[in-house]
$ cat coords.csv   # CSV, C-alpha atoms (C1' of nucleotides)
chain,number,residue,atom,x,y,z
A,763,MET,CA,-54.9,-29.2,4.9
A,764,PRO,CA,-51.7,-27.2,5.5
A,765,SER,CA,-48.4,-28.9,5.0
A,766,PHE,CA,-45.7,-29.1,7.6
A,767,LYS,CA,-42.8,-26.8,6.6
A,768,GLY,CA,-39.6,-25.3,7.9
A,769,GLN,CA,-36.6,-26.5,9.6
A,770,TYR,CA,-36.0,-26.4,13.4
A,771,GLU,CA,-32.9,-27.4,15.4
A,772,HIS,CA,-33.3,-28.4,19.0
A,773,SER,CA,-31.0,-29.9,21.6
A,774,VAL,CA,-31.7,-33.4,23.0
A,775,ASP,CA,-31.0,-33.6,26.7
A,776,ASN,CA,-29.4,-36.6,28.4
A,777,LYS,CA,-32.8,-38.2,28.9
A,778,GLY,CA,-33.5,-38.3,25.2
A,779,ARG,CA,-36.0,-35.5,25.3
A,780,VAL,CA,-36.4,-32.9,22.5
A,781,ALA,CA,-38.7,-29.9,22.4
A,782,PHE,CA,-41.3,-30.2,19.7
A,783,PRO,CA,-41.0,-27.0,17.6
A,784,ALA,CA,-43.8,-24.6,18.4
A,785,LYS,CA,-44.4,-23.7,14.8
A,786,LEU,CA,-44.9,-27.2,13.8
A,787,ARG,CA,-47.2,-27.8,16.6
A,788,LYS,CA,-49.4,-25.0,15.4
A,789,LEU,CA,-49.8,-26.9,12.1
A,790,VAL,CA,-50.9,-30.1,13.8
A,791,ASN,CA,-54.6,-30.9,13.6
A,792,PRO,CA,-55.9,-30.2,17.1
A,793,GLU,CA,-57.8,-33.5,17.1
A,794,ALA,CA,-54.5,-35.4,16.8
A,795,GLN,CA,-52.7,-33.1,19.3
A,796,ASP,CA,-50.2,-34.9,21.4
A,797,HIS,CA,-50.4,-38.3,19.7
A,798,TYR,CA,-47.8,-39.2,17.3
A,799,THR,CA,-46.2,-42.2,15.6
A,800,LEU,CA,-42.4,-42.2,15.2
A,801,LEU,CA,-40.6,-44.7,13.0
A,802,ARG,CA,-37.5,-45.3,11.0
A,803,GLY,CA,-37.5,-43.4,7.8
A,804,LEU,CA,-36.3,-44.6,4.4
A,805,GLU,CA,-33.6,-42.1,4.5
A,806,PRO,CA,-31.3,-42.2,7.6
A,807,CYS,CA,-33.8,-40.2,9.6
A,808,LEU,CA,-37.0,-40.6,11.6
A,809,TYR,CA,-40.5,-40.0,10.4
A,810,LEU,CA,-43.0,-38.5,12.8
A,811,TYR,CA,-46.7,-38.6,12.0
A,812,PRO,CA,-49.4,-36.9,14.0
A,813,LYS,CA,-52.2,-39.4,14.7
A,814,ASP,CA,-54.5,-38.2,11.9
A,815,ARG,CA,-51.9,-38.4,9.3
A,816,TRP,CA,-50.7,-41.7,10.5
A,817,GLU,CA,-54.1,-43.2,10.0
A,818,GLN,CA,-53.8,-42.4,6.3
A,819,VAL,CA,-50.6,-44.3,6.2
A,820,GLU,CA,-52.2,-47.3,7.9
A,821,ASN,CA,-55.0,-47.2,5.4
A,822,LYS,CA,-52.4,-47.4,2.7
A,823,LEU,CA,-50.7,-50.3,4.4
A,824,SER,CA,-53.9,-52.2,4.9
A,825,SER,CA,-54.5,-52.0,1.2
A,826,ILE,CA,-51.3,-53.9,0.6
A,827,ASN,CA,-51.8,-57.5,-0.4
A,828,SER,CA,-50.4,-59.5,2.5
A,829,PHE,CA,-50.7,-62.7,0.7
A,830,SER,CA,-47.6,-61.8,-1.3
A,831,MET,CA,-44.2,-62.1,0.1
A,832,LYS,CA,-43.3,-58.6,-0.9
A,833,GLY,CA,-46.3,-57.2,0.8
A,834,ARG,CA,-45.6,-59.0,4.0
A,835,THR,CA,-42.0,-57.9,4.0
A,836,VAL,CA,-43.0,-54.3,3.5
A,837,ILE,CA,-45.6,-54.3,6.2
A,838,ARG,CA,-43.3,-56.1,8.7
A,839,SER,CA,-40.3,-53.8,8.0
A,840,PHE,CA,-42.3,-50.7,8.2
A,841,LEU,CA,-44.2,-51.3,11.4
A,842,ARG,CA,-41.4,-53.1,13.2
A,843,TYR,CA,-39.6,-50.0,14.3
A,844,ALA,CA,-42.6,-47.8,14.8
A,845,GLU,CA,-43.7,-46.4,18.2
A,846,ASP,CA,-46.5,-44.3,19.5
A,847,LEU,CA,-45.5,-41.3,21.5
A,848,SER,CA,-47.0,-38.4,23.3
A,849,LEU,CA,-45.7,-35.0,24.3
A,850,ASP,CA,-45.0,-34.3,27.9
A,851,LYS,CA,-46.3,-31.2,29.7
A,852,GLN,CA,-43.4,-29.2,28.3
A,853,ASN,CA,-44.2,-30.2,24.7
A,854,ARG,CA,-41.3,-32.6,24.4
A,855,LEU,CA,-40.9,-35.9,22.8
A,856,SER,CA,-38.7,-38.6,24.3
A,857,LEU,CA,-37.0,-40.5,21.6
A,858,PRO,CA,-36.6,-44.2,22.1
A,859,SER,CA,-32.9,-45.1,22.2
A,860,HIS,CA,-33.1,-47.6,19.3
A,861,LEU,CA,-34.4,-44.9,17.0
A,862,MET,CA,-31.7,-42.5,18.2
A,863,GLY,CA,-29.2,-45.1,17.3
A,864,TYR,CA,-30.7,-45.7,13.8
A,865,SER,CA,-30.8,-42.1,12.9
A,866,GLY,CA,-27.5,-41.1,14.5
A,867,ILE,CA,-29.1,-38.5,16.7
A,868,ASP,CA,-27.3,-37.8,19.9
A,869,SER,CA,-27.3,-34.3,21.3
A,870,THR,CA,-29.0,-32.3,18.5
A,871,ALA,CA,-32.0,-33.1,16.4
A,872,ILE,CA,-33.2,-31.2,13.3
A,873,PHE,CA,-36.9,-31.2,12.5
A,874,ILE,CA,-37.9,-30.8,8.9
A,875,GLY,CA,-41.5,-30.2,7.9
A,876,ALA,CA,-42.1,-32.4,4.9
A,877,GLY,CA,-45.8,-32.2,3.9
A,878,ASP,CA,-47.8,-34.7,5.7
A,879,ARG,CA,-45.1,-35.8,8.0
A,880,ILE,CA,-42.1,-34.4,10.0
A,881,GLU,CA,-38.6,-35.8,9.5
A,882,ILE,CA,-36.1,-35.8,12.3
A,883,TRP,CA,-32.4,-35.8,11.3
A,884,SER,CA,-29.0,-35.8,13.0
A,885,PRO,CA,-26.9,-32.8,11.8
A,886,GLY,CA,-24.3,-35.2,10.4
A,887,LYS,CA,-26.6,-37.4,8.3
A,888,LEU,CA,-28.4,-34.3,7.1
A,889,ASP,CA,-25.2,-32.8,5.8
A,890,GLU,CA,-24.4,-36.0,4.0
A,891,ALA,CA,-27.8,-36.0,2.3
A,892,ASP,CA,-27.4,-32.3,1.3
A,893,SER,CA,-24.0,-32.9,-0.3
A,894,ASP,CA,-25.5,-35.6,-2.4
A,895,LEU,CA,-28.1,-33.1,-3.8
A,896,SER,CA,-26.6,-31.0,-6.6
A,897,LEU,CA,-27.7,-27.5,-7.3
A,898,GLU,CA,-28.8,-28.4,-10.8
A,899,TYR,CA,-30.9,-31.3,-9.6
A,900,TYR,CA,-32.5,-29.0,-7.1
A,901,GLN,CA,-33.3,-26.4,-9.7
A,902,GLU,CA,-34.9,-29.1,-11.9
A,903,LEU,CA,-37.0,-30.2,-9.0
A,904,PHE,CA,-37.9,-26.7,-8.2
A,905,GLU,CA,-39.1,-25.9,-11.6
A,906,GLN,CA,-41.2,-29.0,-11.7
A,907,VAL,CA,-43.1,-27.8,-8.8
A,908,MET,CA,-43.2,-24.1,-9.3
A,909,GLY,CA,-43.4,-24.3,-13.0
A,910,ASP,CA,-46.5,-23.2,-14.8
A,911,GLU,CA,-48.6,-23.1,-11.7
A,912,HIS,CA,-50.7,-20.2,-12.8
A,913,ASP,CA,-53.3,-21.4,-15.3
A,914,LYS,CA,-53.4,-19.2,-18.3
A,915,GLY,CA,-57.1,-18.6,-18.7
A,916,ASP,CA,-57.9,-15.2,-20.1
B,1131,MET,CA,-56.5,-11.9,-10.5
B,1132,PRO,CA,-54.2,-9.0,-10.5
B,1133,SER,CA,-50.4,-9.5,-10.8
B,1134,PHE,CA,-48.0,-8.1,-8.4
B,1135,LYS,CA,-45.8,-5.4,-9.9
B,1136,GLY,CA,-43.4,-2.6,-9.1
B,1137,GLN,CA,-40.3,-2.3,-6.9
B,1138,TYR,CA,-40.2,-1.0,-3.3
B,1139,GLU,CA,-37.2,-0.5,-1.1
B,1140,HIS,CA,-37.6,-0.6,2.7
B,1141,SER,CA,-35.3,-0.7,5.7
B,1142,VAL,CA,-35.0,-3.7,7.9
B,1143,ASP,CA,-34.7,-2.9,11.6
B,1144,ASN,CA,-32.4,-4.7,14.0
B,1145,LYS,CA,-35.2,-7.2,14.8
B,1146,GLY,CA,-35.5,-8.3,11.2
B,1147,ARG,CA,-38.7,-6.5,10.5
B,1148,VAL,CA,-39.7,-4.8,7.2
B,1149,ALA,CA,-42.7,-2.9,6.2
B,1150,PHE,CA,-44.8,-4.6,3.6
B,1151,PRO,CA,-45.2,-2.1,0.8
B,1152,ALA,CA,-48.7,-0.6,0.9
B,1153,LYS,CA,-49.2,-0.8,-2.9
B,1154,LEU,CA,-48.5,-4.5,-2.9
B,1155,ARG,CA,-50.8,-5.1,0.0
B,1156,LYS,CA,-53.6,-3.5,-2.0
B,1157,LEU,CA,-53.1,-6.2,-4.6
B,1158,VAL,CA,-53.3,-9.1,-2.2
B,1159,ASN,CA,-56.5,-11.0,-2.2
B,1160,PRO,CA,-58.3,-9.9,1.0
B,1161,GLU,CA,-59.2,-13.4,1.9
B,1162,ALA,CA,-55.4,-14.2,2.2
B,1163,GLN,CA,-54.6,-10.9,3.9
B,1164,ASP,CA,-51.9,-11.1,6.5
B,1165,HIS,CA,-51.0,-14.7,5.8
B,1166,TYR,CA,-48.0,-15.4,3.7
B,1167,THR,CA,-45.4,-18.1,3.0
B,1168,LEU,CA,-41.8,-17.0,2.6
B,1169,LEU,CA,-39.1,-19.3,1.2
B,1170,ARG,CA,-35.8,-19.5,-0.5
B,1171,GLY,CA,-35.9,-18.5,-4.2
B,1172,LEU,CA,-33.9,-20.1,-7.0
B,1173,GLU,CA,-32.1,-16.8,-7.4
B,1174,PRO,CA,-30.4,-15.5,-4.2
B,1175,CYS,CA,-33.6,-13.9,-3.1
B,1176,LEU,CA,-36.8,-14.8,-1.2
B,1177,TYR,CA,-40.2,-15.6,-2.6
B,1178,LEU,CA,-43.2,-14.4,-0.8
B,1179,TYR,CA,-46.6,-15.9,-1.6
B,1180,PRO,CA,-49.9,-14.7,-0.1
B,1181,LYS,CA,-51.9,-17.6,1.4
B,1182,ASP,CA,-54.2,-18.0,-1.6
B,1183,ARG,CA,-51.4,-18.3,-4.1
B,1184,TRP,CA,-49.4,-20.6,-1.8
B,1185,GLU,CA,-52.3,-23.0,-1.7
B,1186,GLN,CA,-51.9,-23.6,-5.4
B,1187,VAL,CA,-48.3,-24.5,-4.8
B,1188,GLU,CA,-49.2,-26.9,-2.1
B,1189,ASN,CA,-51.8,-28.6,-4.2
B,1190,LYS,CA,-49.1,-29.3,-6.7
B,1191,LEU,CA,-46.8,-30.6,-3.9
B,1192,SER,CA,-49.5,-32.9,-2.5
B,1193,SER,CA,-49.9,-34.6,-5.8
B,1194,ILE,CA,-46.3,-35.8,-5.6
B,1195,ASN,CA,-45.9,-39.4,-4.5
B,1196,SER,CA,-44.1,-39.4,-1.2
B,1197,PHE,CA,-43.5,-43.1,-1.4
B,1198,SER,CA,-40.8,-42.5,-4.1
B,1199,MET,CA,-37.4,-41.3,-3.2
B,1200,LYS,CA,-37.4,-38.5,-5.8
B,1201,GLY,CA,-40.8,-37.4,-4.5
B,1202,ARG,CA,-39.6,-37.2,-1.0
B,1203,THR,CA,-36.5,-35.3,-2.0
B,1204,VAL,CA,-38.6,-32.7,-3.9
B,1205,ILE,CA,-40.9,-32.2,-0.9
B,1206,ARG,CA,-38.2,-32.0,1.6
B,1207,SER,CA,-36.0,-29.6,-0.4
B,1208,PHE,CA,-38.9,-27.4,-1.1
B,1209,LEU,CA,-40.6,-27.1,2.2
B,1210,ARG,CA,-37.5,-27.1,4.3
B,1211,TYR,CA,-36.7,-23.4,3.9
B,1212,ALA,CA,-40.3,-22.2,3.9
B,1213,GLU,CA,-42.0,-20.4,6.7
B,1214,ASP,CA,-45.5,-19.1,7.3
B,1215,LEU,CA,-45.6,-15.5,8.3
B,1216,SER,CA,-48.1,-12.9,9.2
B,1217,LEU,CA,-48.1,-9.1,9.3
B,1218,ASP,CA,-48.0,-7.4,12.6
B,1219,LYS,CA,-50.2,-4.5,13.5
B,1220,GLN,CA,-47.9,-2.1,11.6
B,1221,ASN,CA,-48.0,-4.2,8.5
B,1222,ARG,CA,-44.5,-5.6,8.9
B,1223,LEU,CA,-43.0,-9.0,8.2
B,1224,SER,CA,-40.3,-10.3,10.4
B,1225,LEU,CA,-37.8,-12.1,8.3
B,1226,PRO,CA,-36.3,-15.3,9.9
B,1227,SER,CA,-32.6,-15.0,10.2
B,1228,HIS,CA,-31.8,-18.0,8.1
B,1229,LEU,CA,-33.6,-16.5,5.2
B,1230,MET,CA,-31.9,-13.2,5.7
B,1231,GLY,CA,-28.6,-15.1,5.6
B,1232,TYR,CA,-29.5,-16.9,2.4
B,1233,SER,CA,-30.6,-13.8,0.6
B,1234,GLY,CA,-27.9,-11.5,1.9
B,1235,ILE,CA,-30.5,-9.1,3.3
B,1236,ASP,CA,-29.3,-7.1,6.3
B,1237,SER,CA,-30.5,-3.5,6.7
B,1238,THR,CA,-32.3,-3.0,3.4
B,1239,ALA,CA,-34.8,-5.1,1.5
B,1240,ILE,CA,-36.2,-4.6,-2.0
B,1241,PHE,CA,-39.6,-6.0,-2.8
B,1242,ILE,CA,-40.3,-6.8,-6.5
B,1243,GLY,CA,-43.7,-7.7,-7.6
B,1244,ALA,CA,-43.4,-10.7,-9.9
B,1245,GLY,CA,-46.8,-11.9,-11.0
B,1246,ASP,CA,-48.2,-14.3,-8.6
B,1247,ARG,CA,-45.5,-13.9,-6.1
B,1248,ILE,CA,-43.3,-11.2,-4.6
B,1249,GLU,CA,-39.5,-11.4,-4.6
B,1250,ILE,CA,-37.4,-9.9,-1.8
B,1251,TRP,CA,-33.8,-9.0,-2.6
B,1252,SER,CA,-30.8,-7.5,-0.9
B,1253,PRO,CA,-29.5,-4.4,-2.9
B,1254,GLY,CA,-26.2,-6.1,-3.4
B,1255,LYS,CA,-27.5,-9.3,-4.9
B,1256,LEU,CA,-29.9,-7.5,-7.1
B,1257,ASP,CA,-27.1,-5.3,-8.5
B,1258,GLU,CA,-25.1,-8.4,-9.3
B,1259,ALA,CA,-28.1,-10.0,-11.0
B,1260,ASP,CA,-28.7,-6.8,-13.0
B,1261,SER,CA,-25.1,-6.5,-14.1
B,1262,ASP,CA,-25.2,-10.1,-15.4
B,1263,LEU,CA,-28.1,-9.2,-17.6
B,1264,SER,CA,-27.1,-7.2,-20.6
B,1265,LEU,CA,-29.8,-5.3,-22.6
B,1266,GLU,CA,-29.3,-7.5,-25.6
B,1267,TYR,CA,-29.6,-10.7,-23.6
B,1268,TYR,CA,-32.8,-9.3,-22.0
B,1269,GLN,CA,-34.3,-8.6,-25.3
B,1270,GLU,CA,-33.5,-12.0,-26.5
B,1271,LEU,CA,-35.0,-13.6,-23.5
B,1272,PHE,CA,-38.1,-11.5,-23.8
B,1273,GLU,CA,-38.7,-12.6,-27.3
B,1274,GLN,CA,-38.1,-16.2,-26.4
B,1275,VAL,CA,-40.5,-16.1,-23.5
B,1276,MET,CA,-43.2,-13.9,-24.9
B,1277,GLY,CA,-42.9,-14.8,-28.5
B,1278,ASP,CA,-44.7,-18.2,-28.5
B,1279,GLU,CA,-46.0,-18.3,-24.9
B,1280,HIS,CA,-49.6,-18.9,-25.8
B,1281,ASP,CA,-50.8,-22.3,-26.9
B,1282,LYS,CA,-47.6,-24.0,-26.2
B,1283,GLY,CA,-48.6,-27.3,-24.7
B,1284,ASP,CA,-45.6,-28.8,-23.0
C,135,DA,C1',-50.5,23.5,4.8
C,136,DC,C1',-53.0,20.0,6.7
C,137,DA,C1',-54.8,15.3,7.6
C,138,DG,C1',-54.4,10.7,7.1
C,139,DA,C1',-51.7,7.0,5.8
C,140,DA,C1',-47.2,4.7,5.6
C,141,DG,C1',-42.8,3.7,7.5
C,142,DT,C1',-39.5,3.3,11.6
C,143,DG,C1',-38.0,2.2,16.2
C,144,DG,C1',-37.9,0.5,20.9
C,145,DG,C1',-39.9,-1.5,25.5
C,146,DG,C1',-42.4,-5.0,27.8
C,147,DA,C1',-45.3,-9.1,28.2
C,148,DA,C1',-46.0,-13.7,26.9
C,149,DT,C1',-44.4,-17.9,25.0
C,150,DA,C1',-40.8,-21.3,23.7
C,151,DG,C1',-36.7,-23.9,24.9
C,152,DT,C1',-33.6,-26.1,28.3
C,153,DG,C1',-32.1,-28.4,32.3
C,154,DG,C1',-32.6,-30.8,36.7
C,155,DG,C1',-34.8,-32.9,41.0
C,156,DG,C1',-38.0,-36.1,42.8
C,157,DA,C1',-42.2,-39.2,42.9
C,158,DA,C1',-44.4,-43.1,40.9
C,159,DT,C1',-44.3,-47.1,38.1
C,160,DT,C1',-42.1,-51.0,36.0
C,161,DT,C1',-38.4,-54.4,35.8
C,162,DT,C1',-35.1,-57.6,37.7
C,163,DG,C1',-33.0,-60.7,40.9
C,164,DG,C1',-33.1,-63.0,45.2
D,313,DC,C1',-43.5,-62.5,46.8
D,314,DC,C1',-40.7,-58.9,48.1
D,315,DA,C1',-37.0,-55.6,47.7
D,316,DA,C1',-33.6,-53.1,45.0
D,317,DA,C1',-32.7,-50.9,40.8
D,318,DA,C1',-33.9,-48.6,36.8
D,319,DT,C1',-36.9,-46.1,34.1
D,320,DT,C1',-40.5,-43.0,33.1
D,321,DC,C1',-43.0,-39.1,33.9
D,322,DC,C1',-44.3,-34.8,36.1
D,323,DC,C1',-43.2,-30.7,38.1
D,324,DC,C1',-40.4,-26.5,38.9
D,325,DA,C1',-37.1,-22.9,37.6
D,326,DC,C1',-34.3,-20.2,34.5
D,327,DT,C1',-33.2,-18.2,30.0
D,328,DA,C1',-33.9,-16.7,25.4
D,329,DT,C1',-36.7,-15.5,21.9
D,330,DT,C1',-40.9,-13.9,19.8
D,331,DC,C1',-44.7,-11.2,19.5
D,332,DC,C1',-47.6,-7.2,20.6
D,333,DC,C1',-48.3,-2.6,21.7
D,334,DC,C1',-47.1,2.3,21.9
D,335,DA,C1',-45.0,6.4,20.1
D,336,DC,C1',-42.7,9.1,16.7
D,337,DT,C1',-41.3,10.5,11.9
D,338,DT,C1',-41.9,10.7,7.1
D,339,DC,C1',-44.5,10.8,3.0
D,340,DT,C1',-48.8,11.5,0.0
D,341,DG,C1',-52.8,13.5,-1.6
D,342,DT,C1',-56.1,17.3,-1.3
$ encode --input "coords.csv" --output "structure tokens"
Amino acid sequence: MPSFKGQYEHSVDNKGRVAFPAKLRKLVNPEAQDHYTLLRGLEPCLYLYPKDRWEQVENKLSSINSFSMKGRTVIRSFLRYAEDLSLDKQNRLSLPSHLMGYSGIDSTAIFIGAGDRIEIWSPGKLDEADSDLSLEYYQELFEQVMGDEHDKGD
Amino acid sequence: MPSFKGQYEHSVDNKGRVAFPAKLRKLVNPEAQDHYTLLRGLEPCLYLYPKDRWEQVENKLSSINSFSMKGRTVIRSFLRYAEDLSLDKQNRLSLPSHLMGYSGIDSTAIFIGAGDRIEIWSPGKLDEADSDLSLEYYQELFEQVMGDEHDKGD
DNA sequence: ACAGAAGTGGGGAATAGTGGGGAATTTTGG
DNA sequence: CCAAAATTCCCCACTATTCCCCACTTCTGT
């Protein structure tokens, strides 16, 4: 299953609507098309899951032991600020105002494809997160992933 | 599976299009033909993966736990500047402007076959990289890398 | 020298992004 | 229960960008 990738900046109009980037839409599983779940991210951004991916998250959640305090807290905190959304006929999302507030998004939103989900950031918060990421750390991460990916079988 | 090799210089037109070198295309696995992923490299250049090779990278990515902070940072940093591209009918790639900016490519691009991926450089950045690499240093690196490469389980 | 492939350039059609007006539905207060 | 207000949603219109197609030039191998 292809990962979401790439970064796309779009303007948010005064009704809270943002165009959903066309390139990301092409990566969405057609069977989930137009049905998304949007929620607070762990970073100061929003997470957007297409329906099919969200179901995987729910599976994971339902495997949490809800008879432990920690389990209940995680489930409650996670689902509390989640909303189901659809695209309008112009392929736009309308962002609930409480999520715009949380993420600091006002007139510009940046979509970042991040594997099985899409993150939505305000430019300001994203800059802050970037400045916390040193080049050395990035290179270390990079090599971890790109490292010896080719198997040496000959 | 054959390695990409060789160096090819092509001009970039004012729409950001570059011909994909014919000799490299012949080395691409036919099943991946025309589908590539382009992203920022660690050096000031771009990495181009044919679809089949990129899938190996994604497999590695998908094994990362996205419920840990470090895992999410890896995935985000990595996929953020990646884009899927296809060749047009004239076998050209059109380079997204943010990647041209990052790599310093404007009117000329140099393709370098580099094993399982292809690197794309601007002439200027490539000269800089070359001049930083003395012959002695290269020989030293060569020995370090090639010397005990086999059966090194890290 | 010729034929075919590879590389280069530009114009036009289709799609994506943006903004605003108005109808329908929901909410709130009397 | 009804009416006014607010919100949501859908449609239309304009603009910018992307993609696709055509034509020409250069290079390569025979």
$ calpha_fit_rmsd --input "coords.csv" --fixed "chain A" --moving "chain B"
3.7 Å
$ atom_distance --input "coords.csv" --atom1 "CA of Pro858 in chain A" --atom2 "C1' of DC324 in chain D"
24.7 Å
$ closest_residue --input "coords.csv" --among "B:Leu1209, B:Leu1154, B:Ala1162, B:Leu1215" --to "Lys767 in chain A" --atoms "all atoms listed in the file"
B:Leu1209
$ closest_atom_pairs --input "coords.csv" --of "chain A" --to "chain D" --cutoff "12 Å" --atoms "all atoms listed in the file" --output "Markdown table"
| residue | atom | partner | partner_atom | distance |
| --- | --- | --- | --- | --- |
| A:Lys777 | CA | D:DT320 | C1' | 10.0 |
| A:Gly778 | CA | D:DT320 | C1' | 11.6 |
| A:Arg779 | CA | D:DC321 | C1' | 11.7 |
| A:Ala784 | CA | D:DT330 | C1' | 11.2 |
| A:Lys785 | CA | D:DT330 | C1' | 11.5 |
| A:Ser848 | CA | D:DC321 | C1' | 11.4 |
| A:Leu849 | CA | D:DC321 | C1' | 10.8 |
| A:Asp850 | CA | D:DC321 | C1' | 7.9 |
| A:Lys851 | CA | D:DC322 | C1' | 7.6 |
| A:Gln852 | CA | D:DC322 | C1' | 9.6 |
| A:Arg854 | CA | D:DC321 | C1' | 11.6 |
| A:Leu855 | CA | D:DC321 | C1' | 11.7 |
| A:Ser856 | CA | D:DT320 | C1' | 10.0 |
| A:Pro858 | CA | D:DT320 | C1' | 11.7 |
$ closest_residue --input "coords.csv" --among "A:His772, A:Arg834, A:Arg879, A:Arg802" --to "chain C" --atoms "all atoms listed in the file"
A:His772
$ interface_residues --input "coords.csv" --of "chain C" --to "chain A" --cutoff "9 Å" --atoms "only C-alpha atoms (C1' of nucleotides)" --output "list of chain:residue names"
C:DA150, C:DG151, C:DT152, C:DG153
$ atom_distance --input "coords.csv" --atom1 "CA of Thr799 in chain A" --atom2 "CA of Gly863 in chain A"
17.3 Å
$ closest_atom_pairs --input "coords.csv" --of "chain A" --to "chain B" --cutoff "7 Å" --atoms "only C-alpha atoms" --output "tab-separated table"
residue	atom	partner	partner_atom	distance
A:Lys767	CA	B:Leu1209	CA	4.9
A:Gly768	CA	B:Arg1210	CA	4.5
A:Gln769	CA	B:Arg1210	CA	5.4
A:Ile874	CA	B:Arg1210	CA	5.9
A:Gly875	CA	B:Arg1210	CA	6.2
A:Ala876	CA	B:Arg1206	CA	5.1
A:Gly877	CA	B:Ile1205	CA	6.9
A:Gln901	CA	B:Leu1172	CA	6.9
A:Leu903	CA	B:Val1204	CA	5.9
A:Val907	CA	B:Lys1190	CA	6.5
A:Met908	CA	B:Val1187	CA	6.8
$ atom_distance --input "coords.csv" --atom1 "CA of Leu1178 in chain B" --atom2 "CA of Pro764 in chain A"
16.6 Å
